[in-house]
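Coordinates as given in target-v5.pdb (PDB, C-alpha atoms, pLDDT in the B column):
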```
ATOM      1  CA  VAL P  15    -174.331 153.660  95.477  1.00 92.00           C
ATOM      2  CA  GLN P  16    -171.588 155.269  93.457  1.00 96.00           C
ATOM      3  CA  LEU P  17    -170.415 158.649  92.205  1.00 97.00           C
ATOM      4  CA  VAL P  18    -167.760 158.879  89.504  1.00 97.00           C
ATOM      5  CA  GLU P  19    -166.204 162.233  88.604  1.00 96.00           C
ATOM      6  CA  SER P  20    -164.516 162.957  85.296  1.00 96.00           C
ATOM      7  CA  GLY P  21    -163.249 165.838  83.199  1.00 97.00           C
ATOM      8  CA  GLY P  22    -160.493 167.238  85.366  1.00 96.00           C
ATOM      9  CA  GLY P  23    -157.158 168.301  83.962  1.00 97.00           C
ATOM     10  CA  LEU P  24    -154.670 171.085  83.391  1.00 98.00           C
ATOM     11  CA  VAL P  25    -155.956 174.447  82.160  1.00 98.00           C
ATOM     12  CA  GLN P  26    -154.364 177.870  81.796  1.00 98.00           C
ATOM     13  CA  PRO P  27    -155.495 180.815  83.915  1.00 98.00           C
ATOM     14  CA  GLY P  28    -158.575 182.393  82.369  1.00 98.00           C
ATOM     15  CA  GLY P  29    -159.562 179.134  80.736  1.00 98.00           C
ATOM     16  CA  SER P  30    -162.621 176.934  81.140  1.00 98.00           C
ATOM     17  CA  LEU P  31    -163.285 173.363  82.133  1.00 98.00           C
ATOM     18  CA  ARG P  32    -166.392 171.272  82.721  1.00 98.00           C
ATOM     19  CA  ILE P  33    -166.315 168.392  85.170  1.00 98.00           C
ATOM     20  CA  SER P  34    -168.994 165.748  85.503  1.00 98.00           C
ATOM     21  CA  CYS P  35    -170.230 163.369  88.161  1.00 98.00           C
ATOM     22  CA  ALA P  36    -172.191 160.285  87.137  1.00 98.00           C
ATOM     23  CA  ALA P  37    -174.362 158.694  89.806  1.00 97.00           C
ATOM     24  CA  SER P  38    -175.727 155.199  90.170  1.00 96.00           C
ATOM     25  CA  GLY P  39    -177.453 153.053  92.745  1.00 94.00           C
ATOM     26  CA  PHE P  40    -179.984 155.535  94.070  1.00 93.00           C
ATOM     27  CA  THR P  41    -182.850 157.788  92.953  1.00 93.00           C
ATOM     28  CA  PHE P  42    -180.819 160.699  91.645  1.00 94.00           C
ATOM     29  CA  SER P  43    -183.673 163.191  91.328  1.00 92.00           C
ATOM     30  CA  ARG P  44    -184.430 163.015  95.036  1.00 92.00           C
ATOM     31  CA  VAL P  45    -181.048 164.071  96.390  1.00 94.00           C
ATOM     32  CA  VAL P  46    -179.127 167.302  96.734  1.00 96.00           C
ATOM     33  CA  MET P  47    -175.982 167.258  94.628  1.00 97.00           C
ATOM     34  CA  SER P  48    -172.973 169.369  95.448  1.00 97.00           C
ATOM     35  CA  TRP P  49    -169.394 170.004  94.440  1.00 98.00           C
ATOM     36  CA  HIS P  50    -166.609 170.476  96.964  1.00 98.00           C
ATOM     37  CA  ARG P  51    -162.896 171.009  96.555  1.00 98.00           C
ATOM     38  CA  GLN P  52    -159.768 170.491  98.578  1.00 98.00           C
ATOM     39  CA  ALA P  53    -156.483 172.178  97.853  1.00 96.00           C
ATOM     40  CA  PRO P  54    -153.179 170.876  99.284  1.00 92.00           C
ATOM     41  CA  GLY P  55    -152.870 171.773 102.946  1.00 94.00           C
ATOM     42  CA  LYS P  56    -156.396 173.161 103.133  1.00 96.00           C
ATOM     43  CA  GLU P  57    -159.736 171.883 104.361  1.00 97.00           C
ATOM     44  CA  ARG P  58    -162.383 170.657 101.981  1.00 97.00           C
ATOM     45  CA  GLU P  59    -164.793 173.446 101.080  1.00 98.00           C
ATOM     46  CA  LEU P  60    -168.229 173.618  99.514  1.00 98.00           C
ATOM     47  CA  VAL P  61    -168.189 175.077  96.005  1.00 98.00           C
ATOM     48  CA  ALA P  62    -171.823 174.805  94.896  1.00 98.00           C
ATOM     49  CA  TYR P  63    -174.972 172.795  95.421  1.00 97.00           C
ATOM     50  CA  ILE P  64    -178.248 172.207  93.603  1.00 96.00           C
ATOM     51  CA  SER P  65    -181.316 170.632  95.149  1.00 93.00           C
ATOM     52  CA  SER P  66    -183.510 169.990  92.134  1.00 78.00           C
ATOM     53  CA  ILE P  67    -184.156 171.222  88.647  1.00 73.00           C
ATOM     54  CA  GLY P  68    -185.877 174.594  88.707  1.00 75.00           C
ATOM     55  CA  VAL P  69    -184.493 175.582  92.083  1.00 83.00           C
ATOM     56  CA  SER P  70    -181.756 178.205  92.111  1.00 88.00           C
ATOM     57  CA  PRO P  71    -178.333 176.761  92.908  1.00 95.00           C
ATOM     58  CA  ASN P  72    -176.044 178.168  95.568  1.00 96.00           C
ATOM     59  CA  TYR P  73    -172.382 179.065  95.242  1.00 98.00           C
ATOM     60  CA  ALA P  74    -169.421 179.921  97.397  1.00 98.00           C
ATOM     61  CA  ASN P  75    -168.525 183.579  97.120  1.00 98.00           C
ATOM     62  CA  SER P  76    -165.128 182.668  95.675  1.00 97.00           C
ATOM     63  CA  VAL P  77    -166.707 181.101  92.566  1.00 98.00           C
ATOM     64  CA  LYS P  78    -169.927 183.095  92.183  1.00 98.00           C
ATOM     65  CA  GLY P  79    -170.262 184.447  88.651  1.00 97.00           C
ATOM     66  CA  ARG P  80    -167.582 182.094  87.302  1.00 98.00           C
ATOM     67  CA  PHE P  81    -168.869 178.587  88.033  1.00 98.00           C
ATOM     68  CA  THR P  82    -172.230 177.045  87.133  1.00 98.00           C
ATOM     69  CA  ILE P  83    -173.628 173.859  88.626  1.00 97.00           C
ATOM     70  CA  SER P  84    -176.303 171.959  86.735  1.00 95.00           C
ATOM     71  CA  ARG P  85    -177.913 168.551  86.802  1.00 95.00           C
ATOM     72  CA  ASP P  86    -179.463 166.221  84.248  1.00 95.00           C
ATOM     73  CA  ASP P  87    -181.792 163.885  86.091  1.00 94.00           C
ATOM     74  CA  ALA P  88    -182.368 161.811  82.934  1.00 96.00           C
ATOM     75  CA  LYS P  89    -178.638 161.062  82.820  1.00 97.00           C
ATOM     76  CA  ASN P  90    -178.102 160.877  86.604  1.00 97.00           C
ATOM     77  CA  THR P  91    -175.302 163.390  86.180  1.00 97.00           C
ATOM     78  CA  VAL P  92    -174.294 166.668  87.781  1.00 97.00           C
ATOM     79  CA  TYR P  93    -171.928 169.102  86.101  1.00 98.00           C
ATOM     80  CA  LEU P  94    -169.715 171.968  87.139  1.00 98.00           C
ATOM     81  CA  GLN P  95    -168.873 174.440  84.411  1.00 98.00           C
ATOM     82  CA  MET P  96    -165.850 176.473  85.472  1.00 98.00           C
ATOM     83  CA  ASN P  97    -164.967 179.661  83.602  1.00 98.00           C
ATOM     84  CA  SER P  98    -162.333 182.339  84.175  1.00 98.00           C
ATOM     85  CA  LEU P  99    -160.283 179.861  86.131  1.00 98.00           C
ATOM     86  CA  LYS P 100    -157.632 181.115  88.529  1.00 98.00           C
ATOM     87  CA  PRO P 101    -154.574 179.387  89.991  1.00 97.00           C
ATOM     88  CA  GLU P 102    -156.322 179.390  93.365  1.00 97.00           C
ATOM     89  CA  ASP P 103    -159.025 177.144  91.882  1.00 98.00           C
ATOM     90  CA  THR P 104    -156.448 174.355  91.768  1.00 98.00           C
ATOM     91  CA  ALA P 105    -157.753 171.483  93.883  1.00 98.00           C
ATOM     92  CA  VAL P 106    -159.230 168.032  93.871  1.00 98.00           C
ATOM     93  CA  TYR P 107    -162.933 168.418  93.144  1.00 98.00           C
ATOM     94  CA  TYR P 108    -165.400 166.017  94.735  1.00 98.00           C
ATOM     95  CA  CYS P 109    -169.095 165.544  94.126  1.00 98.00           C
ATOM     96  CA  HIS P 110    -171.424 164.614  96.942  1.00 98.00           C
ATOM     97  CA  ALA P 111    -174.957 163.242  97.068  1.00 97.00           C
ATOM     98  CA  ALA P 112    -177.118 163.907 100.117  1.00 95.00           C
ATOM     99  CA  GLY P 113    -180.683 162.833 100.854  1.00 90.00           C
ATOM    100  CA  PRO P 114    -181.678 160.144 103.325  1.00 84.00           C
ATOM    101  CA  PRO P 115    -180.438 157.467 103.221  1.00 89.00           C
ATOM    102  CA  VAL P 116    -177.848 158.605 100.677  1.00 93.00           C
ATOM    103  CA  ASP P 117    -174.636 160.294 101.858  1.00 95.00           C
ATOM    104  CA  THR P 118    -171.967 159.495  99.301  1.00 97.00           C
ATOM    105  CA  TRP P 119    -168.755 161.041  97.984  1.00 98.00           C
ATOM    106  CA  GLY P 120    -167.017 160.507  94.701  1.00 97.00           C
ATOM    107  CA  GLN P 121    -163.311 159.723  94.410  1.00 97.00           C
ATOM    108  CA  GLY P 122    -162.410 163.202  93.179  1.00 97.00           C
ATOM    109  CA  THR P 123    -160.938 164.683  90.025  1.00 98.00           C
ATOM    110  CA  GLN P 124    -157.864 166.901  89.913  1.00 98.00           C
ATOM    111  CA  VAL P 125    -158.171 170.391  88.442  1.00 98.00           C
ATOM    112  CA  THR P 126    -154.922 172.302  87.981  1.00 98.00           C
ATOM    113  CA  VAL P 127    -154.872 175.905  86.810  1.00 98.00           C
ATOM    114  CA  SER P 128    -151.400 176.883  85.729  1.00 97.00           C
ATOM    115  CA  SER P 129    -149.527 178.471  82.871  1.00 95.00           C
TER     116      SER P 129
END
```

Could I get this structure in the form of structure tokens?
Amino acid sequence: VQLVESGGGLVQPGGSLRISCAASGFTFSRVVMSWHRQAPGKERELVAYISSIGVSPNYANSVKGRFTISRDDAKNTVYLQMNSLKPEDTAVYYCHAAGPPVDTWGQGTQVTVSS
């Protein structure tokens, strides 16, 4: 069971970035996929989650209207499209898969929003 994030990097305030999480080793379509983030000195927080295609995703208030989570079950991949990025979005972003017996975290990808 493995999750591998990619796509992080440095972006200017107001910019956009899409990060991805590729899954393997389990039946991807059966699990809830989510993105979390952890900034230096802060606790890890839930950013967004999606249960299955066709079901409305859920977002933290801090990212609602700016971030979009989506999943491609054919590619075993979940995405996070981040628009109108702010310096306070700077964090390590982790994907998570949940659905018995799966409970797995990726290694994280750094997103830095700075001019």

Select, from P:Gln26, P:Thr41, P:Thr118, P:Thr126, the residue with the minimum atom-to-atom distance to Pro54 in chain P, counting only C-alpha atoms. P:Thr126

Grab the CA of Thr91 in chain P to CA of Cys35 in chain P distance for me, in Å with one decimal place.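 Separation between CA of Thr91 in chain P and CA of Cys35 in chain P: 5.4 Å.
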
Could you jot down the CA of Asp86 in chain P to CA of Val106 in chain P separation for me, Å, one decimal place?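 Computing the Euclidean distance for CA of Asp86 in chain P and CA of Val106 in chain P yields 22.5 Å.
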
Quick check on the file I pasted: which residues fall under the PyMOL selection byres ((chain P and resi 75-77) around 9)? Write them as a PyMOL selection string. chain P and resi 61-62+73-74+78-82+96+103

When you draw a straight line from CA of Ser38 in chain P to CA of Tyr93 in chain P, how long is it in Å? 15.0 Å

Can you pull out every residue within 6 Å of range 27-34 of chain P, counting only C-alpha atoms, but drop anything in the same chain fewer than 5 positions away, and send it as a ChimeraX atom specification? /P:19-22,92-100,127-128

Quick check on the file I pasted: which residues fall under the PyMOL selection byres ((chain P and resi 108) around 8)? Write them as an MDAnalysis selection string. chainID P and resid 19 49:51 106:107 109:110 119:123

Would you save the residues from that selection as an mmCIF file, in the frame of the given file, using C-alpha atoms?
```
data_model
loop_
_atom_site.group_PDB
_atom_site.id
_atom_site.type_symbol
_atom_site.label_atom_id
_atom_site.label_comp_id
_atom_site.auth_asym_id
_atom_site.auth_seq_id
_atom_site.Cartn_x
_atom_site.Cartn_y
_atom_site.Cartn_z
ATOM 1 C CA GLU P 19 -166.204 162.233 88.604
ATOM 2 C CA TRP P 49 -169.394 170.004 94.440
ATOM 3 C CA HIS P 50 -166.609 170.476 96.964
ATOM 4 C CA ARG P 51 -162.896 171.009 96.555
ATOM 5 C CA VAL P 106 -159.230 168.032 93.871
ATOM 6 C CA TYR P 107 -162.933 168.418 93.144
ATOM 7 C CA CYS P 109 -169.095 165.544 94.126
ATOM 8 C CA HIS P 110 -171.424 164.614 96.942
ATOM 9 C CA TRP P 119 -168.755 161.041 97.984
ATOM 10 C CA GLY P 120 -167.017 160.507 94.701
ATOM 11 C CA GLN P 121 -163.311 159.723 94.410
ATOM 12 C CA GLY P 122 -162.410 163.202 93.179
ATOM 13 C CA THR P 123 -160.938 164.683 90.025
#
```

Write out as number ranges by chain the residues lying within 7 Å of Ala37 in chain P, counting all atoms listed in the file and excluding same-chain residues fewer than 6 positions away. P: 16-18, 90-91

What residues have an atom no more than 8 Å from (-177.2, 163.2, 97.0) in the file's own frame, counting all atoms listed in the file, and can you write them as a list in words? Phe42, Arg44, Val45, Val46, Met47, Ser48, His110, Ala111, Ala112, Gly113, Val116, Asp117 and Thr118 of chain P

Could you put an axis-aligned box around every listed atom of range 81-94 of chain P, padded by 8 Å on each side, and send me its centre and edge lengths in Å to one decimal, as AutoDock Vina command-line options?
```
--center_x -175.6 --center_y 169.7 --center_z 85.7 --size_x 29.5 --size_y 33.7 --size_z 21.8
```

For Arg85 in chain P, the nearest of the candidates P:Gln52, P:Ser129, P:Ser66, P:Thr104, counting only C-alpha atoms: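 Checking each candidate against Arg85 in chain P, we get P:Ser66 as the closest.
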
Given all atoms listed in the file as the counted atoms, nearest of P:Val125, P:Ala88, P:Ala105, P:Val25 to Glu59 in chain P: P:Ala105
